[in-house]
file structure.cif (mmCIF, C-alpha atoms and all ligand atoms)
data_query
#
loop_
_atom_site.label_atom_id
_atom_site.label_comp_id
_atom_site.auth_asym_id
_atom_site.auth_seq_id
_atom_site.Cartn_x
_atom_site.Cartn_y
_atom_site.Cartn_z
CA MET A 135 132.98 78.15 117.98
CA SER A 136 129.66 77.89 116.23
CA THR A 137 128.30 81.08 117.76
CA LYS A 138 130.75 83.15 115.69
CA LEU A 139 128.87 84.20 112.58
CA ARG A 140 131.03 84.58 109.47
CA TYR A 141 130.73 84.25 105.72
CA LEU A 142 132.61 84.60 102.46
CA THR A 143 131.33 85.15 98.96
CA ALA A 144 132.79 84.14 95.59
CA GLY A 145 131.83 84.57 91.97
CA GLU A 146 132.27 86.90 89.02
CA SER A 147 129.53 89.09 87.58
CA HIS A 148 129.32 87.09 84.31
CA GLY A 149 130.73 83.86 85.72
CA GLN A 150 128.66 80.73 86.09
CA ALA A 151 127.37 81.44 89.59
CA LEU A 152 127.73 83.33 92.86
CA VAL A 153 128.36 81.38 96.05
CA ALA A 154 128.44 82.11 99.78
CA ILE A 155 129.28 79.95 102.78
CA LEU A 156 127.66 81.15 105.99
CA GLU A 157 128.69 79.69 109.33
CA GLY A 158 127.32 80.37 112.80
CA ILE A 159 123.55 80.12 112.32
CA PRO A 160 122.18 77.97 115.18
CA SER A 161 120.38 74.69 114.51
CA GLY A 162 116.60 74.59 114.47
CA LEU A 163 115.89 77.76 112.48
CA ARG A 164 113.10 77.21 109.97
CA LEU A 165 114.35 78.33 106.58
CA LYS A 166 112.67 78.13 103.18
CA ARG A 167 114.19 78.94 99.81
CA GLU A 168 111.33 81.42 99.33
CA ASP A 169 112.54 83.42 102.36
CA ILE A 170 115.72 84.11 100.41
CA ASP A 171 114.17 84.45 96.94
CA ARG A 172 111.79 87.13 98.23
CA GLN A 173 114.77 89.30 99.25
CA LEU A 174 116.58 88.58 95.97
CA LYS A 175 113.52 89.80 94.08
CA ARG A 176 113.39 93.01 96.13
CA ARG A 177 117.06 93.66 95.27
CA GLN A 178 116.32 93.31 91.56
CA MET A 179 113.62 95.96 91.58
CA GLY A 180 113.96 99.72 91.47
CA TYR A 181 113.60 102.36 88.79
CA GLY A 182 116.84 103.09 86.93
CA ARG A 183 118.21 99.56 86.60
CA GLY A 184 119.78 98.52 83.29
CA GLY A 185 119.26 95.55 80.96
CA ARG A 186 121.08 93.02 83.16
CA MET A 187 118.25 92.86 85.66
CA GLN A 188 115.88 91.88 82.86
CA ILE A 189 118.07 88.87 82.10
CA GLU A 190 118.57 87.69 85.69
CA LYS A 191 115.75 86.07 87.69
CA ASP A 192 117.73 85.41 90.85
CA LYS A 193 116.81 82.24 92.72
CA VAL A 194 118.87 80.60 95.42
CA GLN A 195 119.95 76.99 95.73
CA ILE A 196 120.79 75.81 99.26
CA LEU A 197 123.54 73.20 99.01
CA SER A 198 124.25 72.50 102.68
CA GLY A 199 123.41 73.31 106.28
CA VAL A 200 119.63 72.90 105.93
CA ARG A 201 117.66 69.67 106.16
CA ARG A 202 113.90 69.27 105.91
CA GLY A 203 113.30 72.99 106.16
CA GLU A 204 115.49 73.60 109.23
CA THR A 205 119.10 74.64 109.76
CA ILE A 206 121.28 71.94 111.31
CA GLY A 207 124.09 74.13 112.65
CA SER A 208 126.57 73.28 109.91
CA PRO A 209 127.84 75.79 107.29
CA ILE A 210 125.10 76.92 104.91
CA THR A 211 126.13 77.05 101.25
CA LEU A 212 124.08 79.37 99.05
CA LEU A 213 124.35 79.41 95.27
CA ILE A 214 122.82 81.69 92.64
CA TYR A 215 123.32 80.90 88.96
CA ASN A 216 123.98 83.85 86.63
CA LEU A 217 121.59 83.42 83.71
CA ASP A 218 123.72 85.85 81.68
CA TRP A 219 126.55 83.27 81.85
CA ASP A 220 125.09 81.74 78.68
CA ASN A 221 126.14 84.87 76.77
CA TRP A 222 129.62 84.97 78.36
CA LYS A 223 130.74 81.35 78.35
CA GLU A 224 133.61 81.99 76.01
CA VAL A 225 134.80 85.33 77.43
CA MET A 226 134.58 84.03 81.00
CA SER A 227 135.75 80.48 80.30
CA VAL A 228 137.77 78.87 83.10
CA ASP A 229 139.80 76.94 80.50
CA GLU A 230 142.56 78.41 78.38
CA PRO A 231 140.97 79.43 75.04
CA ALA A 232 142.04 77.81 71.78
CA LYS A 233 142.13 81.25 70.14
CA GLU A 234 141.71 84.85 71.29
CA SER A 235 138.33 85.75 69.80
CA PHE A 236 137.24 88.73 71.88
CA SER A 237 138.76 92.08 72.70
CA SER A 238 140.12 92.99 76.10
CA PHE A 239 138.64 95.77 78.25
CA THR A 240 141.42 98.38 78.24
CA ARG A 241 139.60 101.70 78.74
CA PRO A 242 139.19 102.19 82.52
CA ARG A 243 136.05 103.98 83.74
CA PRO A 244 136.65 106.91 86.10
CA GLY A 245 135.10 106.01 89.46
CA HIS A 246 135.27 102.25 88.96
CA ALA A 247 137.86 99.75 90.23
CA ASP A 248 139.21 99.20 86.67
CA LEU A 249 142.45 101.21 86.59
CA THR A 250 143.79 100.70 90.10
CA GLY A 251 142.70 97.05 90.14
CA GLY A 252 144.50 96.43 86.83
CA ILE A 253 147.70 98.05 88.09
CA LYS A 254 147.52 96.22 91.42
CA TYR A 255 146.92 92.71 90.04
CA GLY A 256 149.00 93.11 86.85
CA PHE A 257 146.15 92.80 84.30
CA TYR A 258 145.93 94.22 80.79
CA ASP A 259 142.37 92.99 80.44
CA LEU A 260 140.44 95.01 83.02
CA ARG A 261 137.56 92.55 82.82
CA ASN A 262 139.47 90.54 85.43
CA VAL A 263 138.86 93.45 87.81
CA LEU A 264 135.39 94.63 86.93
CA GLU A 265 133.90 91.14 87.04
CA ARG A 266 134.52 90.90 90.78
CA ALA A 267 134.30 94.60 91.69
CA SER A 268 130.78 94.63 90.21
CA ALA A 269 127.82 94.89 92.57
CA ARG A 270 126.46 91.67 91.07
CA GLU A 271 128.25 90.12 94.08
CA THR A 272 125.69 91.72 96.35
CA ALA A 273 123.03 89.26 95.12
CA VAL A 274 124.63 86.52 97.16
CA ARG A 275 125.23 88.91 100.09
CA VAL A 276 121.50 89.61 100.06
CA SER A 277 120.89 85.85 100.28
CA VAL A 278 123.17 85.64 103.35
CA GLY A 279 121.29 88.64 104.75
CA ALA A 280 117.97 86.85 104.18
CA VAL A 281 119.08 83.90 106.32
CA CYS A 282 120.24 86.28 109.08
CA ARG A 283 116.97 88.13 108.80
CA ARG A 284 115.07 84.88 109.43
CA LEU A 285 117.09 84.49 112.61
CA LEU A 286 116.33 88.07 113.68
CA GLU A 287 112.60 87.54 113.05
CA GLU A 288 112.67 84.92 115.80
CA PHE A 289 113.62 87.74 118.17
CA ASN A 290 111.04 90.20 116.77
CA ILE A 291 113.72 92.35 115.16
CA SER A 292 112.53 93.96 111.93
CA ILE A 293 114.45 95.88 109.29
CA PHE A 294 113.09 98.58 106.96
CA SER A 295 114.66 100.76 104.29
CA ARG A 296 113.68 103.61 102.02
CA VAL A 297 115.23 106.13 99.64
CA ILE A 298 115.37 109.69 100.98
CA GLN A 299 117.28 111.33 98.14
CA ILE A 300 118.00 110.79 94.45
CA GLY A 301 120.18 113.47 92.88
CA GLU A 302 118.77 116.75 94.24
CA GLU A 303 115.28 115.34 94.96
CA LYS A 304 114.76 114.83 98.70
CA ASP A 305 112.11 113.18 100.86
CA GLU A 306 112.30 114.95 104.22
CA SER A 307 109.52 113.01 105.97
CA SER A 308 110.32 111.28 109.27
CA TRP A 309 111.50 107.68 109.58
CA GLU A 310 108.42 107.02 111.75
CA SER A 311 106.16 107.92 108.81
CA ALA A 312 108.24 105.61 106.62
CA VAL A 313 107.52 102.69 108.92
CA THR A 314 103.80 103.58 108.96
CA ASN A 315 103.71 103.83 105.15
CA TYR A 316 105.95 100.86 104.52
CA GLN A 317 103.60 99.05 102.15
CA ILE A 318 103.62 102.11 99.87
CA ILE A 319 107.43 102.20 100.00
CA GLU A 320 107.61 98.50 99.13
CA ASN A 321 105.44 99.13 96.07
CA SER A 322 107.23 102.29 94.96
CA PRO A 323 109.79 101.90 92.13
CA VAL A 324 112.05 104.38 93.96
CA ARG A 325 111.14 103.24 97.51
CA CYS A 326 109.50 106.56 98.39
CA ALA A 327 106.06 106.91 100.03
CA ASP A 328 105.30 110.42 98.72
CA PRO A 329 103.79 110.17 95.19
CA LEU A 330 104.89 113.68 94.19
CA ILE A 331 108.51 113.16 95.22
CA GLU A 332 108.42 109.70 93.66
CA LYS A 333 107.32 111.25 90.36
CA ARG A 334 110.10 113.85 90.48
CA MET A 335 112.68 111.18 91.31
CA ILE A 336 111.57 109.11 88.32
CA GLU A 337 111.70 112.19 86.08
CA ILE A 338 115.29 113.04 87.03
CA ILE A 339 116.36 109.42 86.50
CA ASP A 340 114.79 109.55 83.01
CA ARG A 341 116.52 112.85 82.31
CA ALA A 342 119.90 111.49 83.46
CA LYS A 343 119.43 108.50 81.18
CA GLU A 344 118.55 110.70 78.19
CA ASN A 345 121.71 112.74 78.88
CA GLY A 346 123.88 109.63 79.06
CA ASP A 347 124.47 110.38 82.75
CA THR A 348 123.87 108.66 86.12
CA LEU A 349 122.61 109.60 89.60
CA GLY A 350 123.39 108.79 93.22
CA GLY A 351 121.45 109.54 96.38
CA ILE A 352 120.82 108.57 99.99
CA PHE A 353 119.03 105.58 101.51
CA GLU A 354 117.93 105.05 105.10
CA ILE A 355 117.82 101.86 107.16
CA ILE A 356 115.61 101.49 110.24
CA VAL A 357 115.87 98.54 112.64
CA LYS A 358 113.22 98.01 115.31
CA GLY A 359 113.18 95.58 118.21
CA LEU A 360 116.87 95.54 119.19
CA PRO A 361 117.65 94.80 122.82
CA PRO A 362 120.04 97.21 124.58
CA GLY A 363 123.67 96.12 124.81
CA LEU A 364 124.59 94.71 121.37
CA GLY A 365 128.18 95.62 120.49
CA SER A 366 130.58 97.01 123.10
CA TYR A 367 132.54 100.08 124.16
CA ILE A 368 135.46 98.00 125.48
CA GLN A 369 137.38 97.63 122.20
CA TRP A 370 137.42 99.64 118.96
CA ASP A 371 136.44 96.79 116.71
CA LEU A 372 133.49 95.73 118.87
CA LYS A 373 131.67 99.05 118.61
CA LEU A 374 128.34 98.53 116.87
CA ASP A 375 128.30 101.90 115.08
CA ALA A 376 131.78 101.27 113.66
CA ARG A 377 130.82 97.76 112.57
CA LEU A 378 127.64 98.93 110.86
CA ALA A 379 129.48 101.77 109.11
CA PHE A 380 132.04 99.24 107.83
CA VAL A 381 129.48 96.86 106.35
CA ILE A 382 127.47 99.65 104.75
CA MET A 383 130.62 101.25 103.29
CA SER A 384 131.46 97.86 101.81
CA ILE A 385 128.48 98.19 99.46
CA GLN A 386 129.74 99.27 96.06
CA ALA A 387 129.44 103.04 95.43
CA VAL A 388 128.58 103.97 99.05
CA VAL A 389 130.65 107.02 100.01
CA GLY A 390 129.35 107.94 103.47
CA VAL A 391 127.37 106.64 106.45
CA GLU A 392 125.45 108.50 109.15
CA VAL A 393 124.06 107.22 112.46
CA GLY A 394 121.04 109.04 113.91
CA ILE A 395 121.09 112.74 113.06
CA GLY A 396 124.68 112.15 111.91
CA PHE A 397 126.44 115.17 110.40
CA LYS A 398 123.69 117.49 111.66
CA ALA A 399 124.90 116.85 115.23
CA ALA A 400 128.08 118.77 114.42
CA SER A 401 126.26 122.10 114.14
CA GLN A 402 123.89 121.77 117.13
CA PRO A 403 124.50 122.44 120.84
CA GLY A 404 124.58 119.41 123.15
CA SER A 405 121.16 120.24 124.58
CA LYS A 406 119.65 119.70 121.09
CA VAL A 407 121.61 116.53 120.36
CA GLN A 408 121.72 114.28 123.44
CA ASP A 409 118.67 112.15 124.17
CA GLU A 410 117.35 112.63 127.71
CA ILE A 411 116.82 109.51 129.79
CA ALA A 412 113.51 108.47 131.36
CA TYR A 413 112.15 105.47 133.26
CA SER A 414 108.75 103.81 133.54
CA LYS A 415 107.72 100.47 135.03
CA GLU A 416 106.43 99.19 131.66
CA LYS A 417 109.28 100.39 129.43
CA GLY A 418 112.21 100.35 131.87
CA PHE A 419 114.87 102.92 130.91
CA TYR A 420 114.18 104.74 127.66
CA ARG A 421 115.07 107.98 125.81
CA LEU A 422 112.77 110.94 125.26
CA THR A 423 114.18 111.41 121.75
CA ASN A 424 116.31 109.26 119.44
CA ARG A 425 118.80 111.59 117.77
CA ALA A 426 121.59 109.12 118.53
CA GLY A 427 119.87 106.66 116.17
CA GLY A 428 119.84 103.82 118.69
CA ILE A 429 123.57 103.60 119.47
CA GLU A 430 125.59 105.12 122.33
CA GLY A 431 129.12 104.08 123.28
CA GLY A 432 129.21 101.51 120.48
CA MET A 433 126.18 99.66 121.95
CA SER A 434 122.55 99.44 120.96
CA THR A 435 120.43 101.46 123.40
CA GLY A 436 117.18 99.62 122.68
CA GLU A 437 115.79 102.57 120.69
CA PRO A 438 115.28 102.09 116.92
CA LEU A 439 118.48 102.01 114.90
CA ILE A 440 118.61 104.74 112.24
CA LEU A 441 121.33 104.65 109.59
CA ARG A 442 121.77 106.54 106.34
CA ALA A 443 124.15 105.95 103.45
CA ALA A 444 125.17 108.28 100.64
CA MET A 445 125.84 106.74 97.23
CA LYS A 446 127.84 108.29 94.45
CA PRO A 447 126.40 108.09 90.91
CA ILE A 448 127.17 104.95 88.87
CA SER A 449 130.51 105.28 87.06
CA THR A 450 129.57 103.70 83.72
CA LEU A 451 128.07 106.57 81.74
CA GLY A 452 126.00 106.42 78.55
CA LYS A 453 128.18 109.35 77.40
CA PRO A 454 131.54 108.13 78.69
CA LEU A 455 134.09 110.45 80.32
CA ARG A 456 137.70 110.87 79.22
CA SER A 457 140.14 108.11 80.06
CA VAL A 458 143.41 106.61 78.82
CA ASP A 459 143.76 103.23 77.08
CA ILE A 460 146.01 101.16 79.37
CA VAL A 461 147.80 99.54 76.41
CA THR A 462 148.19 102.39 73.87
CA LYS A 463 148.35 105.15 76.57
CA LYS A 464 146.25 107.29 74.17
CA GLU A 465 143.36 109.45 75.33
CA VAL A 466 140.05 107.60 74.75
CA LYS A 467 136.49 107.61 75.99
CA ALA A 468 136.00 105.25 78.96
CA GLY A 469 134.69 101.76 78.22
CA LYS A 470 131.00 100.91 78.42
CA GLU A 471 129.26 97.91 79.94
CA ARG A 472 125.56 97.29 80.02
CA SER A 473 124.80 99.48 83.00
CA ASP A 474 122.36 100.93 85.50
CA VAL A 475 121.49 104.66 85.68
CA CYS A 476 120.50 104.85 89.35
CA VAL A 477 120.66 102.05 91.93
CA VAL A 478 119.81 103.79 95.20
CA PRO A 479 116.55 101.75 95.62
CA ALA A 480 118.39 98.46 95.10
CA ALA A 481 121.24 99.59 97.35
CA SER A 482 118.77 100.22 100.18
CA VAL A 483 117.73 96.55 100.02
CA ILE A 484 121.40 95.54 100.02
CA GLY A 485 121.86 97.87 103.01
CA GLU A 486 119.12 95.99 104.88
CA ALA A 487 120.95 92.72 104.16
CA VAL A 488 124.39 93.78 105.38
CA VAL A 489 122.83 95.36 108.48
CA ALA A 490 120.88 92.11 109.14
CA ILE A 491 124.14 90.15 108.94
CA GLU A 492 125.98 92.45 111.36
CA ILE A 493 123.10 92.56 113.84
CA ALA A 494 122.77 88.76 113.67
CA LYS A 495 126.50 88.56 114.38
CA ALA A 496 126.13 90.81 117.44
CA MET A 497 123.09 88.79 118.62
CA ARG A 498 125.09 85.54 118.30
CA GLU A 499 127.95 87.07 120.31
CA LYS A 500 125.64 88.16 123.10
CA PHE A 501 123.20 85.27 123.30
CA GLY A 502 125.26 82.35 121.94
CA GLY A 503 123.63 78.93 121.91
CA ASP A 504 124.18 76.07 119.49
CA SER A 505 120.47 75.63 118.88
CA LEU A 506 117.84 78.32 118.35
CA ASP A 507 116.08 77.10 121.50
CA GLU A 508 119.22 77.61 123.56
CA MET A 509 119.75 81.07 122.06
CA LYS A 510 116.12 81.98 122.86
CA ARG A 511 116.48 80.77 126.46
CA ASN A 512 119.53 83.00 126.89
CA TYR A 513 117.70 85.90 125.30
CA SER A 514 114.63 85.59 127.50
CA SER A 515 116.75 85.36 130.63
CA TYR A 516 118.37 88.67 129.55
CA LEU A 517 114.92 90.21 129.05
CA ASN A 518 113.95 89.04 132.56
CA TYR A 519 117.11 90.63 133.94
CA LEU A 520 116.20 93.91 132.17
CA ARG A 521 112.70 93.83 133.65
CA GLU A 522 114.02 93.19 137.15
CA ARG A 523 116.75 95.85 137.11
C1 LIG B 601 123.13 97.63 93.22
C2 LIG B 601 124.32 98.26 92.54
C3 LIG B 601 124.39 98.23 91.16
C4 LIG B 601 125.45 98.83 90.50
N1 LIG B 601 125.45 98.82 89.14
C5 LIG B 601 126.48 99.43 88.50
C6 LIG B 601 126.49 99.48 87.06
O1 LIG B 601 125.58 98.99 86.39
N2 LIG B 601 127.52 100.12 86.47
C7 LIG B 601 128.53 100.69 87.19
O2 LIG B 601 129.44 101.25 86.60
N3 LIG B 601 128.55 100.66 88.52
C8 LIG B 601 127.55 100.05 89.19
N4 LIG B 601 127.56 100.03 90.56
C9 LIG B 601 128.65 100.67 91.29
C10 LIG B 601 129.97 99.93 91.14
O3 LIG B 601 129.84 98.57 91.46
C11 LIG B 601 131.06 100.59 92.01
O4 LIG B 601 131.08 101.97 91.78
C12 LIG B 601 132.43 100.02 91.67
O5 LIG B 601 132.48 98.66 92.04
C13 LIG B 601 133.59 100.76 92.35
O6 LIG B 601 133.52 100.68 93.74
P1 LIG B 601 133.31 102.00 94.65
O7 LIG B 601 132.28 102.84 93.97
O8 LIG B 601 132.82 101.47 95.96
O9 LIG B 601 134.60 102.71 94.74
C14 LIG B 601 126.50 99.44 91.25
C15 LIG B 601 126.42 99.46 92.65
C16 LIG B 601 125.34 98.89 93.30
C17 LIG B 601 125.27 98.93 94.80
#
call {"tool": "encode", "arguments": {"input": "structure.cif", "output": "structure tokens", "more": "lines below"}}
Ligand SMILES: Cc1cc2nc3c(=O)[nH]c(=O)nc-3n(C[C@H](O)[C@H](O)[C@H](O)COP(=O)(O)O)c2cc1C
result
Amino acid sequence: MSTKLRYLTAGESHGQALVAILEGIPSGLRLKREDIDRQLKRRQMGYGRGGRMQIEKDKVQILSGVRRGETIGSPITLLIYNLDWDNWKEVMSVDEPAKESFSSFTRPRPGHADLTGGIKYGFYDLRNVLERASARETAVRVSVGAVCRRLLEEFNISIFSRVIQIGEEKDESSWESAVTNYQIIENSPVRCADPLIEKRMIEIIDRAKENGDTLGGIFEIIVKGLPPGLGSYIQWDLKLDARLAFVIMSIQAVVGVEVGIGFKAASQPGSKVQDEIAYSKEKGFYRLTNRAGGIEGGMSTGEPLILRAAMKPISTLGKPLRSVDIVTKKEVKAGKERSDVCVVPAASVIGEAVVAIEIAKAMREKFGGDSLDEMKRNYSSYLNYLRER
């Protein structure tokens, strides 16, 4: 069934390349490499990144599924070469080495996948774990997200993101103001529109770096233009809020997800939480507020989607924490890799991508169609139905 959108990624952080195969995009969607490269560039930005992002200049290669600038309905293969591979050819060689000329990674970092992954897969070189657990994988997920985003653009669905907290520094402005000031956010190294808060965020990232420490934070995703009725209440795994929480939690280092006012709803009475319903000829049914963040009963309501994700601080520290060597069993300082200090701005761009993929999936389920034209016909007949109800 070509309307079922699915994808897989492969590739190690310092391997030759990252790959994804994406199936379920209808034929006839105009797609340029630049559409994808633009999103890859946004992912690479952000204050607090480490040396790796200076080495990589991510660019996608499209190996299948697109011909003469348009999708043809077949699986789309996306490939991104790792430029750092040049420095890792021997360590990451696919072939059995003639001699062991490098040392294994045996000092697991608290907070990373190293220790449990090593135990689970039977490794004494934890590089086998960290290479795939690494968020380098999200580069190719962002490229899948960019294709899905192109599809959503055809339906006037737009996705925004910003950073609302780094460490203790918070931006408490409304999501509406974020959309209004989006150009400023796009140009901000911490994806924050307020210059004073931006400055303080940069300062605490610098301080964390000087102290050999790292910082987490919170990012927010806003989606505008969704029709009502994506996702469903009829089965647990069809609920849109659950599906979005899953994909956002799958981003490395994300530890929590909120929809709408989220955890704040727990402390408020119902009268301050539920969004009252109204009707007008022009708008049809709508809500007077949007505390639900655009989802009720596992379905999009048609109001903007508001999601937030909390990230823990990066686990590779400049001043490493205590650990135990997995071979000698002696107390040691955790291993170090070239590492980021704070990645909340980059994670917000990754958040946009995974949300784009899940929304595209829900749009394909609801509006089907093998070609984009067919999907659009189905969509506009739904919009007519909404107008006539
Ligand atoms: C964009 C991005 C970049 C990251 N960079 C690093 C890094 O440089 N060093 C590090 O230790 N962890 C980094 N992480 C976090 C780890 O990948 C993550 O903590 C690890 O895979 C364990 O998974 P978990 O935190 O989801 O449990 C990054 C995460 C993201 C989203």
call {"tool": "closest_residue", "arguments": {"input": "structure.cif", "among": "A:Met179, A:Ile331, A:Cys326, A:Ala490", "to": "ligand LIG 601 (chain B)", "atoms": "only C-alpha atoms and all ligand atoms"}}
result
A:Met179
call {"tool": "closest_residue", "arguments": {"input": "structure.cif", "among": "A:Val466, A:Val388, A:Leu439, A:Ile210", "to": "ligand LIG 601 (chain B)", "atoms": "all atoms listed in the file"}}
result
A:Val388
call {"tool": "atom_distance", "arguments": {"input": "structure.cif", "atom1": "atom CA of Phe353 of chain A", "atom2": "atom CA of Gln402 of chain A"}}
result
23.0 Å
call {"tool": "closest_atom_pairs", "arguments": {"input": "structure.cif", "of": "chain A", "to": "ligand LIG 601 (chain B)", "cutoff": "10 Å", "atoms": "only C-alpha atoms and all ligand atoms", "output": "CSV"}}
result
residue,atom,partner,partner_atom,distance
A:Arg177,CA,B:LIG601,C1,7.5
A:Gln178,CA,B:LIG601,C1,8.2
A:Met179,CA,B:LIG601,C1,9.8
A:Gly180,CA,B:LIG601,C1,9.6
A:Gly182,CA,B:LIG601,O1,9.7
A:Arg183,CA,B:LIG601,O1,7.4
A:Gly184,CA,B:LIG601,O1,6.6
A:Gly185,CA,B:LIG601,O1,9.0
A:Arg186,CA,B:LIG601,O1,8.1
A:Met187,CA,B:LIG601,O1,9.6
A:Arg243,CA,B:LIG601,O2,7.7
A:Pro244,CA,B:LIG601,O2,9.2
A:Gly245,CA,B:LIG601,O4,6.2
A:His246,CA,B:LIG601,C13,4.1
A:Ala247,CA,B:LIG601,C13,4.9
A:Asp248,CA,B:LIG601,C13,8.1
A:Val263,CA,B:LIG601,O5,9.3
A:Leu264,CA,B:LIG601,O5,7.1
A:Glu265,CA,B:LIG601,O5,9.1
A:Arg266,CA,B:LIG601,O5,8.1
A:Ala267,CA,B:LIG601,O5,4.5
A:Ser268,CA,B:LIG601,O3,4.2
A:Ala269,CA,B:LIG601,O3,4.3
A:Arg270,CA,B:LIG601,C3,6.9
A:Glu271,CA,B:LIG601,O3,9.0
A:Thr272,CA,B:LIG601,C1,7.2
A:Ala273,CA,B:LIG601,C1,8.6
A:Thr348,CA,B:LIG601,O2,9.3
A:Gly350,CA,B:LIG601,C15,9.8
A:Met383,CA,B:LIG601,O8,7.7
A:Ser384,CA,B:LIG601,O8,7.0
A:Ile385,CA,B:LIG601,C17,5.7
A:Gln386,CA,B:LIG601,O8,3.8
A:Ala387,CA,B:LIG601,O7,3.2
A:Val388,CA,B:LIG601,O8,5.8
A:Val389,CA,B:LIG601,O8,7.2
A:Met445,CA,B:LIG601,C17,8.2
A:Lys446,CA,B:LIG601,O7,7.0
A:Pro447,CA,B:LIG601,O4,7.8
A:Ile448,CA,B:LIG601,N3,4.5
A:Ser449,CA,B:LIG601,O2,4.2
A:Thr450,CA,B:LIG601,O2,3.8
A:Leu451,CA,B:LIG601,O2,7.3
A:Gly469,CA,B:LIG601,O2,9.9
A:Lys470,CA,B:LIG601,O2,8.3
A:Glu471,CA,B:LIG601,N2,7.1
A:Arg472,CA,B:LIG601,O1,6.6
A:Ser473,CA,B:LIG601,O1,3.5
A:Asp474,CA,B:LIG601,O1,3.9
A:Val475,CA,B:LIG601,O1,7.0
A:Cys476,CA,B:LIG601,N1,7.8
A:Val477,CA,B:LIG601,C1,5.2
A:Val478,CA,B:LIG601,C1,7.3
A:Pro479,CA,B:LIG601,C1,8.1
A:Ala480,CA,B:LIG601,C1,5.2
A:Ala481,CA,B:LIG601,C17,4.8
A:Ser482,CA,B:LIG601,C17,8.5
A:Val483,CA,B:LIG601,C1,8.8
A:Ile484,CA,B:LIG601,C1,7.3
A:Gly485,CA,B:LIG601,C17,9.0
call {"tool": "residues_around", "arguments": {"input": "structure.cif", "residues": "Lys193 of chain A", "least_positions_apart": "6", "cutoff": "9 Å", "atoms": "only C-alpha atoms", "output": "list of chain:residue names"}}
result
A:Arg167, A:Glu168, A:Ile170, A:Asp171, A:Arg172, A:Leu174, A:Lys175, A:Leu213, A:Ile214, A:Tyr215
call {"tool": "closest_residue", "arguments": {"input": "structure.cif", "among": "A:Phe257, A:Phe501, A:Trp219, A:Tyr367", "to": "Ile429 of chain A", "atoms": "all atoms listed in the file"}}
result
A:Tyr367
call {"tool": "closest_residue", "arguments": {"input": "structure.cif", "among": "A:Gly149, A:Arg442, A:Ser198, A:Ile352", "to": "Val391 of chain A", "atoms": "all atoms listed in the file"}}
result
A:Arg442
call {"tool": "atom_distance", "arguments": {"input": "structure.cif", "atom1": "atom CA of Glu302 of chain A", "atom2": "atom CA of Gly351 of chain A"}}
result
8.0 Å
call {"tool": "closest_residue", "arguments": {"input": "structure.cif", "among": "A:Arg140, A:Ile253, A:Arg284, A:Phe294", "to": "Asp169 of chain A", "atoms": "all atoms listed in the file"}}
result
A:Arg284
call {"tool": "closest_residue", "arguments": {"input": "structure.cif", "among": "A:Glu430, A:Asp409, A:Glu392, A:Glu146", "to": "Val228 of chain A", "atoms": "all atoms listed in the file"}}
result
A:Glu146
call {"tool": "residues_near_point", "arguments": {"input": "structure.cif", "point": "(119.9, 87.6, 114.2)", "cutoff": "6 Å", "atoms": "only C-alpha atoms", "output": "list in words"}}
result
Cys282, Leu285, Leu286, Ile493, Ala494 and Met497 of chain A
call {"tool": "atom_distance", "arguments": {"input": "structure.cif", "atom1": "atom CA of Ala444 of chain A", "atom2": "atom CA of Gly390 of chain A"}}
result
5.1 Å
call {"tool": "residues_around", "arguments": {"input": "structure.cif", "residues": "Glu492 of chain A", "least_positions_apart": "3", "cutoff": "8 Å", "atoms": "all atoms listed in the file", "output": "list in words"}}
result
Arg377, Leu378, Val381, Val488, Val489, Lys495 and Ala496 of chain A
call {"tool": "axis_aligned_box", "arguments": {"input": "structure.cif", "around": "segment 149-158 of chain A", "padding_each_side": "8 Å", "output": "lines of an AutoDock Vina configuration file"}}
result
center_x = 129.0
center_y = 81.8
center_z = 99.3
size_x = 19.4
size_y = 20.2
size_z = 43.1
call {"tool": "residues_around", "arguments": {"input": "structure.cif", "residues": "Ser307 of chain A", "least_positions_apart": "4", "cutoff": "9 Å", "atoms": "only C-alpha atoms", "output": "PyMOL selection string"}}
result
chain A and resi 298+311-312+328
call {"tool": "decode", "arguments": {"input": "structure.cif", "residues": "segment 199-205 of chain A", "atoms": "N, CA and C atoms", "output": "mmCIF file, in the first residue's frame"}}
result
data_model
loop_
_atom_site.group_PDB
_atom_site.id
_atom_site.type_symbol
_atom_site.label_atom_id
_atom_site.label_comp_id
_atom_site.auth_asym_id
_atom_site.auth_seq_id
_atom_site.Cartn_x
_atom_site.Cartn_y
_atom_site.Cartn_z
ATOM 1 N N GLY A 199 13.785 7.219 -6.466
ATOM 2 C CA GLY A 199 12.445 7.707 -6.142
ATOM 3 C C GLY A 199 12.122 9.094 -6.665
ATOM 4 N N VAL A 200 13.122 9.760 -7.279
ATOM 5 C CA VAL A 200 12.907 11.109 -7.812
ATOM 6 C C VAL A 200 13.474 11.133 -9.233
ATOM 7 N N ARG A 201 12.714 11.683 -10.148
ATOM 8 C CA ARG A 201 13.201 11.795 -11.528
ATOM 9 C C ARG A 201 12.817 13.160 -12.065
ATOM 10 N N ARG A 202 13.787 13.849 -12.614
ATOM 11 C CA ARG A 202 13.571 15.175 -13.200
ATOM 12 C C ARG A 202 12.836 16.106 -12.252
ATOM 13 N N GLY A 203 13.282 16.073 -10.993
ATOM 14 C CA GLY A 203 12.763 17.038 -10.014
ATOM 15 C C GLY A 203 11.412 16.687 -9.409
ATOM 16 N N GLU A 204 10.898 15.477 -9.704
ATOM 17 C CA GLU A 204 9.604 15.089 -9.128
ATOM 18 C C GLU A 204 9.660 13.669 -8.589
ATOM 19 N N THR A 205 8.935 13.429 -7.489
ATOM 20 C CA THR A 205 8.868 12.065 -6.961
ATOM 21 C C THR A 205 8.076 11.204 -7.934
#
